[in-house]
>>> print(open('upload13.pdb').read())   # PDB, C-alpha atoms
MODEL        1
ATOM      1  CA  MET A 616      10.154  11.330  31.148  1.00  0.00           C
ATOM      2  CA  ASN A 617      12.621  14.039  30.245  1.00  0.00           C
ATOM      3  CA  GLU A 618      16.334  13.639  29.570  1.00  0.00           C
ATOM      4  CA  GLU A 619      17.467  14.967  32.962  1.00  0.00           C
ATOM      5  CA  THR A 620      15.246  12.517  34.830  1.00  0.00           C
ATOM      6  CA  ILE A 621      16.573   9.644  32.732  1.00  0.00           C
ATOM      7  CA  LYS A 622      20.168  10.749  33.379  1.00  0.00           C
ATOM      8  CA  ASP A 623      19.507  10.902  37.131  1.00  0.00           C
ATOM      9  CA  ASN A 624      17.972   7.429  37.114  1.00  0.00           C
ATOM     10  CA  TYR A 625      20.729   5.905  34.998  1.00  0.00           C
ATOM     11  CA  ARG A 626      23.535   7.410  37.096  1.00  0.00           C
ATOM     12  CA  ASN A 627      22.663   4.964  39.888  1.00  0.00           C
ATOM     13  CA  LEU A 628      22.218   1.863  37.748  1.00  0.00           C
ATOM     14  CA  PRO A 629      24.892  -0.828  37.581  1.00  0.00           C
ATOM     15  CA  SER A 630      26.810  -0.972  34.311  1.00  0.00           C
ATOM     16  CA  GLU A 631      25.273  -4.355  33.448  1.00  0.00           C
ATOM     17  CA  GLU A 632      21.789  -2.829  33.495  1.00  0.00           C
ATOM     18  CA  LEU A 633      22.926   0.109  31.375  1.00  0.00           C
ATOM     19  CA  VAL A 634      24.415  -2.303  28.823  1.00  0.00           C
ATOM     20  CA  LYS A 635      21.039  -4.068  28.564  1.00  0.00           C
ATOM     21  CA  ILE A 636      19.305  -0.735  27.976  1.00  0.00           C
ATOM     22  CA  ALA A 637      21.929   0.308  25.419  1.00  0.00           C
ATOM     23  CA  GLN A 638      21.523  -3.004  23.584  1.00  0.00           C
ATOM     24  CA  ASN A 639      17.737  -2.507  23.585  1.00  0.00           C
ATOM     25  CA  ILE A 640      17.227  -6.182  22.784  1.00  0.00           C
ATOM     26  CA  ASP A 641      13.468  -6.192  23.262  1.00  0.00           C
ATOM     27  CA  ASP A 642      13.031  -2.797  21.605  1.00  0.00           C
ATOM     28  CA  GLU A 643      11.326  -1.582  24.769  1.00  0.00           C
ATOM     29  CA  TYR A 644      13.294   1.637  25.217  1.00  0.00           C
ATOM     30  CA  GLU A 645      12.893   4.855  23.299  1.00  0.00           C
ATOM     31  CA  GLU A 646      15.863   6.211  21.383  1.00  0.00           C
ATOM     32  CA  LEU A 647      16.500   8.889  24.035  1.00  0.00           C
ATOM     33  CA  ALA A 648      16.784   6.258  26.789  1.00  0.00           C
ATOM     34  CA  VAL A 649      19.219   4.204  24.711  1.00  0.00           C
ATOM     35  CA  GLN A 650      21.370   7.261  23.947  1.00  0.00           C
ATOM     36  CA  VAL A 651      21.464   8.331  27.603  1.00  0.00           C
ATOM     37  CA  ALA A 652      22.474   4.786  28.623  1.00  0.00           C
ATOM     38  CA  LYS A 653      25.285   4.797  26.062  1.00  0.00           C
ATOM     39  CA  SER A 654      26.410   8.229  27.247  1.00  0.00           C
ATOM     40  CA  GLU A 655      26.482   7.096  30.880  1.00  0.00           C
ATOM     41  CA  LEU A 656      28.448   3.990  29.916  1.00  0.00           C
ATOM     42  CA  GLY A 657      30.907   6.209  28.028  1.00  0.00           C
ATOM     43  CA  LYS A 658      31.433   8.259  31.195  1.00  0.00           C
ATOM     44  CA  ARG A 659      32.283   4.997  32.941  1.00  0.00           C
ATOM     45  CA  GLY A 660      34.839   4.124  30.270  1.00  0.00           C
ATOM     46  CA  ILE A 661      32.672   1.538  28.511  1.00  0.00           C
ATOM     47  CA  THR A 662      32.604   2.575  24.881  1.00  0.00           C
ATOM     48  CA  LYS A 663      32.022  -0.757  23.160  1.00  0.00           C
ATOM     49  CA  ILE A 664      28.595  -2.253  23.751  1.00  0.00           C
ATOM     50  CA  PRO A 665      28.659  -6.028  23.241  1.00  0.00           C
ATOM     51  CA  GLU A 666      26.492  -7.172  20.361  1.00  0.00           C
ATOM     52  CA  VAL A 667      23.818  -9.717  21.134  1.00  0.00           C
ATOM     53  CA  GLU A 668      22.876 -12.264  18.518  1.00  0.00           C
ATOM     54  CA  LEU A 669      19.146 -12.709  18.589  1.00  0.00           C
ATOM     55  CA  SER A 670      17.696 -16.128  18.018  1.00  0.00           C
ATOM     56  CA  HIS A 671      14.643 -14.450  16.458  1.00  0.00           C
ATOM     57  CA  PRO A 672      15.381 -11.222  14.585  1.00  0.00           C
ATOM     58  CA  VAL A 673      11.682 -10.398  14.832  1.00  0.00           C
ATOM     59  CA  ARG A 674       9.957 -10.692  18.189  1.00  0.00           C
ATOM     60  CA  PRO A 675       6.853 -12.924  18.161  1.00  0.00           C
ATOM     61  CA  GLU A 676       4.543  -9.989  18.820  1.00  0.00           C
ATOM     62  CA  GLN A 677       6.055  -8.197  15.812  1.00  0.00           C
ATOM     63  CA  GLU A 678       5.867 -11.235  13.629  1.00  0.00           C
ATOM     64  CA  PHE A 679       2.904 -10.071  11.619  1.00  0.00           C
ATOM     65  CA  ASP A 680       3.272  -6.330  11.637  1.00  0.00           C
ATOM     66  CA  SER A 681       2.887  -4.488   8.356  1.00  0.00           C
ATOM     67  CA  LEU A 682       6.665  -4.219   7.896  1.00  0.00           C
ATOM     68  CA  HIS A 683       7.347  -7.935   8.200  1.00  0.00           C
ATOM     69  CA  SER A 684       4.320  -9.594   6.654  1.00  0.00           C
ATOM     70  CA  LYS A 685       2.966 -10.265   3.211  1.00  0.00           C
ATOM     71  CA  VAL A 686      -0.396 -11.288   1.821  1.00  0.00           C
ATOM     72  CA  ILE A 687       0.286 -14.336  -0.327  1.00  0.00           C
ATOM     73  CA  ARG A 688      -3.267 -15.333  -1.261  1.00  0.00           C
ATOM     74  CA  VAL A 689      -6.733 -13.817  -1.247  1.00  0.00           C
ATOM     75  CA  TYR A 690      -9.602 -16.273  -1.016  1.00  0.00           C
ATOM     76  CA  SER A 691     -13.337 -15.768  -1.390  1.00  0.00           C
ATOM     77  CA  ASP A 692     -14.070 -18.785   0.822  1.00  0.00           C
ATOM     78  CA  GLU A 693     -12.967 -18.907   4.456  1.00  0.00           C
ATOM     79  CA  LEU A 694     -12.726 -22.692   4.473  1.00  0.00           C
ATOM     80  CA  LEU A 695     -10.180 -22.670   1.627  1.00  0.00           C
ATOM     81  CA  ALA A 696      -8.172 -19.978   3.393  1.00  0.00           C
ATOM     82  CA  GLU A 697      -8.204 -21.964   6.643  1.00  0.00           C
ATOM     83  CA  MET A 698      -7.096 -25.147   4.852  1.00  0.00           C
ATOM     84  CA  ALA A 699      -4.170 -23.272   3.301  1.00  0.00           C
ATOM     85  CA  ARG A 700      -3.267 -21.746   6.672  1.00  0.00           C
ATOM     86  CA  LEU A 701      -3.304 -25.165   8.324  1.00  0.00           C
ATOM     87  CA  LYS A 702      -1.104 -26.601   5.562  1.00  0.00           C
ATOM     88  CA  LEU A 703       1.455 -23.846   6.130  1.00  0.00           C
ATOM     89  CA  GLU A 704       1.329 -24.343   9.900  1.00  0.00           C
ATOM     90  CA  ALA A 705       1.939 -28.076   9.331  1.00  0.00           C
ATOM     91  CA  GLU A 706       5.063 -27.085   7.396  1.00  0.00           C
ATOM     92  CA  ASN A 707       6.225 -24.844  10.294  1.00  0.00           C
ATOM     93  CA  ILE A 708       5.310 -21.572   8.634  1.00  0.00           C
ATOM     94  CA  ARG A 709       3.243 -19.331  10.856  1.00  0.00           C
ATOM     95  CA  ALA A 710       0.312 -17.843   8.990  1.00  0.00           C
ATOM     96  CA  PHE A 711      -2.862 -16.043   9.822  1.00  0.00           C
ATOM     97  CA  ILE A 712      -6.091 -15.100   8.130  1.00  0.00           C
ATOM     98  CA  TRP A 713      -7.066 -11.471   7.834  1.00  0.00           C
ATOM     99  CA  LYS A 714     -10.648 -10.758   6.895  1.00  0.00           C
ATOM    100  CA  ASP A 715     -12.942  -7.758   6.996  1.00  0.00           C
ATOM    101  CA  ASP A 716     -16.366  -9.110   7.854  1.00  0.00           C
ATOM    102  CA  CYS A 717     -17.127  -7.104  11.008  1.00  0.00           C
ATOM    103  CA  GLY A 718     -15.851  -9.792  13.335  1.00  0.00           C
ATOM    104  CA  SER A 719     -17.847 -12.509  11.550  1.00  0.00           C
ATOM    105  CA  TRP A 720     -21.079 -10.526  11.936  1.00  0.00           C
ATOM    106  CA  ARG A 721     -21.284 -10.072   8.169  1.00  0.00           C
ATOM    107  CA  PRO A 722     -19.854 -13.216   6.550  1.00  0.00           C
ATOM    108  CA  TRP A 723     -21.530 -12.326   3.245  1.00  0.00           C
ATOM    109  CA  TRP A 724     -18.865  -9.617   2.869  1.00  0.00           C
ATOM    110  CA  GLN A 725     -16.108 -12.219   2.611  1.00  0.00           C
ATOM    111  CA  PRO A 726     -16.448 -12.878  -1.130  1.00  0.00           C
ATOM    112  CA  ILE A 727     -16.377  -9.108  -1.715  1.00  0.00           C
ATOM    113  CA  THR A 728     -13.590  -8.042   0.660  1.00  0.00           C
ATOM    114  CA  GLY A 729     -11.643 -11.303   0.467  1.00  0.00           C
ATOM    115  CA  ILE A 730      -9.973 -13.467   3.055  1.00  0.00           C
ATOM    116  CA  ARG A 731      -6.255 -12.776   3.040  1.00  0.00           C
ATOM    117  CA  LEU A 732      -3.636 -15.370   3.953  1.00  0.00           C
ATOM    118  CA  VAL A 733      -0.666 -13.630   5.532  1.00  0.00           C
ATOM    119  CA  VAL A 734       2.841 -14.889   6.363  1.00  0.00           C
ATOM    120  CA  ARG A 735       6.067 -13.272   7.409  1.00  0.00           C
ATOM    121  CA  GLU A 736       7.761 -11.620   4.473  1.00  0.00           C
ATOM    122  CA  ASP A 737      10.916 -13.739   4.802  1.00  0.00           C
ATOM    123  CA  LYS A 738       8.790 -16.920   4.577  1.00  0.00           C
ATOM    124  CA  ALA A 739       6.661 -15.787   1.627  1.00  0.00           C
ATOM    125  CA  GLU A 740       8.595 -17.630  -1.114  1.00  0.00           C
ATOM    126  CA  GLU A 741       8.665 -20.874   0.838  1.00  0.00           C
ATOM    127  CA  ALA A 742       4.956 -20.542   1.615  1.00  0.00           C
ATOM    128  CA  GLU A 743       4.180 -19.896  -2.060  1.00  0.00           C
ATOM    129  CA  GLU A 744       5.959 -23.112  -3.083  1.00  0.00           C
ATOM    130  CA  ILE A 745       4.137 -25.139  -0.422  1.00  0.00           C
ATOM    131  CA  LEU A 746       0.774 -23.738  -1.490  1.00  0.00           C
ATOM    132  CA  LYS A 747       1.457 -24.372  -5.182  1.00  0.00           C
ATOM    133  CA  LEU A 748       2.096 -28.062  -4.414  1.00  0.00           C
ATOM    134  CA  PHE A 749      -0.855 -28.198  -2.039  1.00  0.00           C
ATOM    135  CA  GLU A 750      -3.211 -26.643  -4.603  1.00  0.00           C
ATOM    136  CA  ALA A 751      -1.924 -28.938  -7.353  1.00  0.00           C
ATOM    137  CA  ASP A 752      -2.528 -31.994  -5.127  1.00  0.00           C
ATOM    138  CA  SER A 753      -6.023 -30.879  -4.165  1.00  0.00           C
ATOM    139  CA  THR A 754      -7.116 -30.387  -7.800  1.00  0.00           C
ATOM    140  CA  THR A 755      -6.139 -33.912  -8.856  1.00  0.00           C
TER     141      THR A 755
ENDMDL
END
>>> encode(input="upload13.pdb", output="structure tokens")
Amino acid sequence: MNEETIKDNYRNLPSEELVKIAQNIDDEYEELAVQVAKSELGKRGITKIPEVELSHPVRPEQEFDSLHSKVIRVYSDELLAEMARLKLEAENIRAFIWKDDCGSWRPWWQPITGIRLVVREDKAEEAEEILKLFEADSTT
């Protein structure tokens, strides 16, 4: 959609809808759409867009993208990785296992490529501490 089409569409929208677009809470609009919404609001005399405090700064579907996640352990055994993941989940830290074994068609690759335990970057330190205690308990 080009800028003129967006402007035409936004001209007829209520101000409340334009504010939602300008806030871009769900990060669903491209930068051009947000700028056009802000421009249209400015024409209507609305220059200050209310800030929205998000309960989750990262949307659930973005939770494990490459910008917000960190590999905290690499295992050679899937069972150990799954046990660690379950321990973190029990402590309310979302984690997932990332492995390159052709969708489990080649499990013998796991010791070579590794099974990675991944958490959100902002939870990495907490997860590390939990796993250190968990690993210490399981060795005794």
>>> residues_around(input="upload13.pdb", residues="Leu633 in chain A", least_positions_apart="4", cutoff="8 Å", atoms="only C-alpha atoms", output="mmCIF file with C-alpha atoms, in the coordinates of the input")
data_model
loop_
_atom_site.group_PDB
_atom_site.id
_atom_site.type_symbol
_atom_site.label_atom_id
_atom_site.label_comp_id
_atom_site.auth_asym_id
_atom_site.auth_seq_id
_atom_site.Cartn_x
_atom_site.Cartn_y
_atom_site.Cartn_z
ATOM 1 C CA TYR A 625 20.729 5.905 34.998
ATOM 2 C CA LEU A 628 22.218 1.863 37.748
ATOM 3 C CA PRO A 629 24.892 -0.828 37.581
ATOM 4 C CA ALA A 637 21.929 0.308 25.419
ATOM 5 C CA ALA A 652 22.474 4.786 28.623
ATOM 6 C CA LYS A 653 25.285 4.797 26.062
ATOM 7 C CA GLU A 655 26.482 7.096 30.880
ATOM 8 C CA LEU A 656 28.448 3.990 29.916
#
>>> resolve_selection(input="upload13.pdb", expression="the PyMOL selection byres ((chain A and resi 697) around 12)", output="VMD selection string")
chain A and resid 688 to 696 698 to 704 710 to 714 730 to 733
>>> closest_residue(input="upload13.pdb", among="A:Asp752, A:Gln650, A:Glu743, A:Gly657", to="Lys685 in chain A", atoms="only C-alpha atoms")
A:Glu743
>>> atom_distance(input="upload13.pdb", atom1="CA of Asn639 in chain A", atom2="CA of Val651 in chain A")
12.1 Å
>>> closest_residue(input="upload13.pdb", among="A:Glu643, A:Asp715, A:Glu666, A:Glu750", to="Ile727 in chain A", atoms="all atoms listed in the file")
A:Asp715
